[in-house]
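**Student:** What follows is a structure written as structure tokens; I'll ask about it next.
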Amino acid sequence: WDLDNMSQIFDFNSPDDKPTVVSYHAKDSVFACGFSSGAVRVFDVSNTKLLTEFRQHRGSVTGLTMSPDGLYMHSCGSVGTLVLYSAADKEFEVLRVLGNVVLHGDGLAPGCLSVSKDSKLLAFIGPTKYLVTVVDASSLDEVMRIDLTSLERNVTRLGQIPAESVAGVLFPPSHTKNLLITTSLSRLVWLDRRNGALQ
């Protein structure tokens, strides 16, 4: 879409495979799309061509994000796989694949993955519905795990209703030191991204 005159410029379609998530590159005219087949396809908007296709996921793609610095792309799938790609140029390549780290299931998109504004951290739901894992966005090395059940004890002491499971994660764009978790009971939990403490 052209935001100046609100007219459609390009149309991409996939008649045989259902798109599940999409993410746009921060610096290049490139976007990636995840599909129900498990494919992740990267397209060049300027010439409407497919640049590359990846098949690291056996189930549908449930999360897809590109880092704000334009260097990395991450995807996750319904059978728990997390994939790190280089996005520094239009070649895109797989750097690392982890199995059984993301919560299994198809109903996670779009809030199951989030990259911090400074592109240093990636947060995702998993490996269980009570856990949020935070990893280094450039390596997928684990930084910390936040257990919602341990936070519930703290929340209960404050007189609030405890949440039952994690529904989404988000590094807010304007707060670089925080991580927001939404829960299945429509609660918002505001955490310090450095140590997972309640704010």
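Ligands are numbered from 1 in the order shown, chains are lettered A, B, ... in the order of the structure tokens, and residues start at 1 in each chain.
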In range 118-192 of chain A, what's strand (DSSP E or B) per DSSP? Answer as a PyMOL selection string?

**Tutor:** chain A and resi 121-125+131-136+142-147+166-170+178-183+188-192

**Student:** So that I can see what lies close to Asp147 in chain A, please list as a list in words the residues with an atom at most 6 Å from it, counting only C-alpha atoms and leaving out residues fewer than 3 positions away in the same chain.

**Tutor:**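 Within the cut-off, the hits are Tyr130, Leu131 and Ser150 of chain A.
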
**Student:** Excluding Val94 in chain A and any residue of its chain fewer than 4 positions from it, enumerate the residues within 7 Å of it, using only C-alpha atoms, and give them as a PyMOL selection string.

**Tutor:** chain A and resi 84-86

**Student:** Could the residues in this selection be written to a file with N, CA and C atoms, as an mmCIF file, in the first residue's frame?

**Tutor:**
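part18.cif was written with the following content:
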```cif
data_model
loop_
_atom_site.group_PDB
_atom_site.id
_atom_site.type_symbol
_atom_site.label_atom_id
_atom_site.label_comp_id
_atom_site.auth_asym_id
_atom_site.auth_seq_id
_atom_site.Cartn_x
_atom_site.Cartn_y
_atom_site.Cartn_z
ATOM 1 N N LEU A 84 16.536 -19.199 13.710
ATOM 2 C CA LEU A 84 17.237 -17.919 13.564
ATOM 3 C C LEU A 84 17.817 -17.848 12.162
ATOM 4 N N TYR A 85 17.576 -16.735 11.471
ATOM 5 C CA TYR A 85 18.087 -16.514 10.119
ATOM 6 C C TYR A 85 18.913 -15.235 10.094
ATOM 7 N N SER A 86 19.883 -15.178 9.200
ATOM 8 C CA SER A 86 20.559 -13.924 8.911
ATOM 9 C C SER A 86 19.676 -13.148 7.946
#
```

**Student:** Write out as a ChimeraX atom specification which residues come within 6 Å of range 59-72 of chain A when counting only C-alpha atoms, dropping same-chain ones fewer than 4 positions away.

**Tutor:** /A:23,25-27,34-38,76-79,85-88,108-109,113,119

**Student:** Which is closer to Ile125 in chain A than all the others in A:Ala167, A:Leu98, A:Val30, A:Ala197, using only C-alpha atoms?

**Tutor:**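 Once distances to Ile125 in chain A are computed over only C-alpha atoms, the minimum belongs to A:Ala167.
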
**Student:** Go ahead and compute the interatomic distance for CA of Arg187 in chain A and CA of Leu148 in chain A, in Å to one decimal.

**Tutor:**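 The value is 11.7 Å.
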
**Student:** Please run DSSP on the backbone and report, as a PDB file with all heavy atoms, in the first residue's frame, all residues within chain A that come out as alpha helix (DSSP H).

**Tutor:**
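Writing done, so here's out_6.pdb:
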```
ATOM      1  N   LEU A 148       5.303 -17.989  34.867  1.00  0.00           N
ATOM      2  CA  LEU A 148       4.106 -17.254  35.256  1.00  0.00           C
ATOM      3  C   LEU A 148       3.524 -17.767  36.564  1.00  0.00           C
ATOM      4  O   LEU A 148       2.962 -16.995  37.340  1.00  0.00           O
ATOM      5  CB  LEU A 148       3.052 -17.339  34.138  1.00  0.00           C
ATOM      6  CG  LEU A 148       1.832 -16.456  34.293  1.00  0.00           C
ATOM      7  CD1 LEU A 148       2.213 -14.987  34.357  1.00  0.00           C
ATOM      8  CD2 LEU A 148       0.856 -16.697  33.165  1.00  0.00           C
ATOM      9  N   THR A 149       3.691 -19.051  36.860  1.00  0.00           N
ATOM     10  CA  THR A 149       3.151 -19.582  38.116  1.00  0.00           C
ATOM     11  C   THR A 149       3.865 -18.986  39.325  1.00  0.00           C
ATOM     12  O   THR A 149       3.257 -18.788  40.370  1.00  0.00           O
ATOM     13  CB  THR A 149       3.221 -21.122  38.159  1.00  0.00           C
ATOM     14  OG1 THR A 149       4.584 -21.540  38.051  1.00  0.00           O
ATOM     15  CG2 THR A 149       2.404 -21.738  37.042  1.00  0.00           C
ATOM     16  N   SER A 150       5.153 -18.675  39.203  1.00  0.00           N
ATOM     17  CA  SER A 150       5.849 -18.032  40.322  1.00  0.00           C
ATOM     18  C   SER A 150       5.438 -16.570  40.434  1.00  0.00           C
ATOM     19  O   SER A 150       5.390 -16.010  41.532  1.00  0.00           O
ATOM     20  CB  SER A 150       7.364 -18.162  40.184  1.00  0.00           C
ATOM     21  OG  SER A 150       7.827 -17.420  39.084  1.00  0.00           O
ATOM     22  N   LEU A 151       5.122 -15.947  39.299  1.00  0.00           N
ATOM     23  CA  LEU A 151       4.625 -14.568  39.344  1.00  0.00           C
ATOM     24  C   LEU A 151       3.236 -14.521  39.950  1.00  0.00           C
ATOM     25  O   LEU A 151       2.872 -13.555  40.616  1.00  0.00           O
ATOM     26  CB  LEU A 151       4.581 -13.962  37.934  1.00  0.00           C
ATOM     27  CG  LEU A 151       5.916 -13.727  37.248  1.00  0.00           C
ATOM     28  CD1 LEU A 151       5.691 -13.194  35.839  1.00  0.00           C
ATOM     29  CD2 LEU A 151       6.782 -12.771  38.039  1.00  0.00           C
ATOM     30  N   GLU A 152       2.439 -15.585  39.740  1.00  0.00           N
ATOM     31  CA  GLU A 152       1.088 -15.625  40.297  1.00  0.00           C
ATOM     32  C   GLU A 152       1.100 -15.492  41.814  1.00  0.00           C
ATOM     33  O   GLU A 152       0.255 -14.828  42.382  1.00  0.00           O
ATOM     34  CB  GLU A 152       0.380 -16.927  39.907  1.00  0.00           C
ATOM     35  CG  GLU A 152      -0.099 -16.956  38.495  1.00  0.00           C
ATOM     36  CD  GLU A 152      -0.798 -18.254  38.147  1.00  0.00           C
ATOM     37  OE1 GLU A 152      -0.918 -19.126  39.023  1.00  0.00           O
ATOM     38  OE2 GLU A 152      -1.220 -18.375  37.001  1.00  0.00           O
ATOM     39  N   ARG A 153       2.075 -16.119  42.459  1.00  0.00           N
ATOM     40  CA  ARG A 153       2.144 -16.003  43.924  1.00  0.00           C
ATOM     41  C   ARG A 153       2.358 -14.544  44.321  1.00  0.00           C
ATOM     42  O   ARG A 153       1.756 -14.054  45.258  1.00  0.00           O
ATOM     43  CB  ARG A 153       3.273 -16.881  44.469  1.00  0.00           C
ATOM     44  CG  ARG A 153       2.944 -18.365  44.428  1.00  0.00           C
ATOM     45  CD  ARG A 153       3.976 -19.167  45.194  1.00  0.00           C
ATOM     46  NE  ARG A 153       5.244 -19.253  44.504  1.00  0.00           N
ATOM     47  CZ  ARG A 153       5.524 -20.159  43.579  1.00  0.00           C
ATOM     48  NH1 ARG A 153       4.631 -21.046  43.228  1.00  0.00           N
ATOM     49  NH2 ARG A 153       6.711 -20.179  42.999  1.00  0.00           N
ATOM     50  N   ASN A 154       3.200 -13.843  43.567  1.00  0.00           N
ATOM     51  CA  ASN A 154       3.430 -12.425  43.852  1.00  0.00           C
ATOM     52  C   ASN A 154       2.176 -11.604  43.575  1.00  0.00           C
ATOM     53  O   ASN A 154       1.820 -10.717  44.332  1.00  0.00           O
ATOM     54  CB  ASN A 154       4.587 -11.895  43.002  1.00  0.00           C
ATOM     55  CG  ASN A 154       5.903 -12.534  43.349  1.00  0.00           C
ATOM     56  OD1 ASN A 154       6.102 -12.946  44.482  1.00  0.00           O
ATOM     57  ND2 ASN A 154       6.789 -12.640  42.388  1.00  0.00           N
ATOM     58  N   VAL A 155       1.501 -11.906  42.465  1.00  0.00           N
ATOM     59  CA  VAL A 155       0.293 -11.165  42.109  1.00  0.00           C
ATOM     60  C   VAL A 155      -0.811 -11.426  43.128  1.00  0.00           C
ATOM     61  O   VAL A 155      -1.520 -10.521  43.541  1.00  0.00           O
ATOM     62  CB  VAL A 155      -0.171 -11.548  40.682  1.00  0.00           C
ATOM     63  CG1 VAL A 155      -1.524 -10.939  40.369  1.00  0.00           C
ATOM     64  CG2 VAL A 155       0.862 -11.080  39.666  1.00  0.00           C
ATOM     65  N   THR A 156      -0.931 -12.685  43.571  1.00  0.00           N
ATOM     66  CA  THR A 156      -1.958 -13.027  44.558  1.00  0.00           C
ATOM     67  C   THR A 156      -1.739 -12.254  45.851  1.00  0.00           C
ATOM     68  O   THR A 156      -2.678 -11.773  46.466  1.00  0.00           O
ATOM     69  CB  THR A 156      -1.957 -14.549  44.835  1.00  0.00           C
ATOM     70  OG1 THR A 156      -2.167 -15.218  43.604  1.00  0.00           O
ATOM     71  CG2 THR A 156      -3.051 -14.930  45.797  1.00  0.00           C
ATOM     72  N   ARG A 157      -0.486 -12.102  46.250  1.00  0.00           N
ATOM     73  CA  ARG A 157      -0.197 -11.338  47.464  1.00  0.00           C
ATOM     74  C   ARG A 157      -0.650  -9.890  47.330  1.00  0.00           C
ATOM     75  O   ARG A 157      -0.965  -9.240  48.293  1.00  0.00           O
ATOM     76  CB  ARG A 157       1.312 -11.381  47.772  1.00  0.00           C
ATOM     77  CG  ARG A 157       1.671 -12.533  48.681  1.00  0.00           C
ATOM     78  CD  ARG A 157       3.095 -12.427  49.150  1.00  0.00           C
ATOM     79  NE  ARG A 157       3.844 -13.441  48.447  1.00  0.00           N
ATOM     80  CZ  ARG A 157       4.944 -13.261  47.756  1.00  0.00           C
ATOM     81  NH1 ARG A 157       5.493 -12.080  47.685  1.00  0.00           N
ATOM     82  NH2 ARG A 157       5.546 -14.242  47.143  1.00  0.00           N
TER      83      ARG A 157
END
```
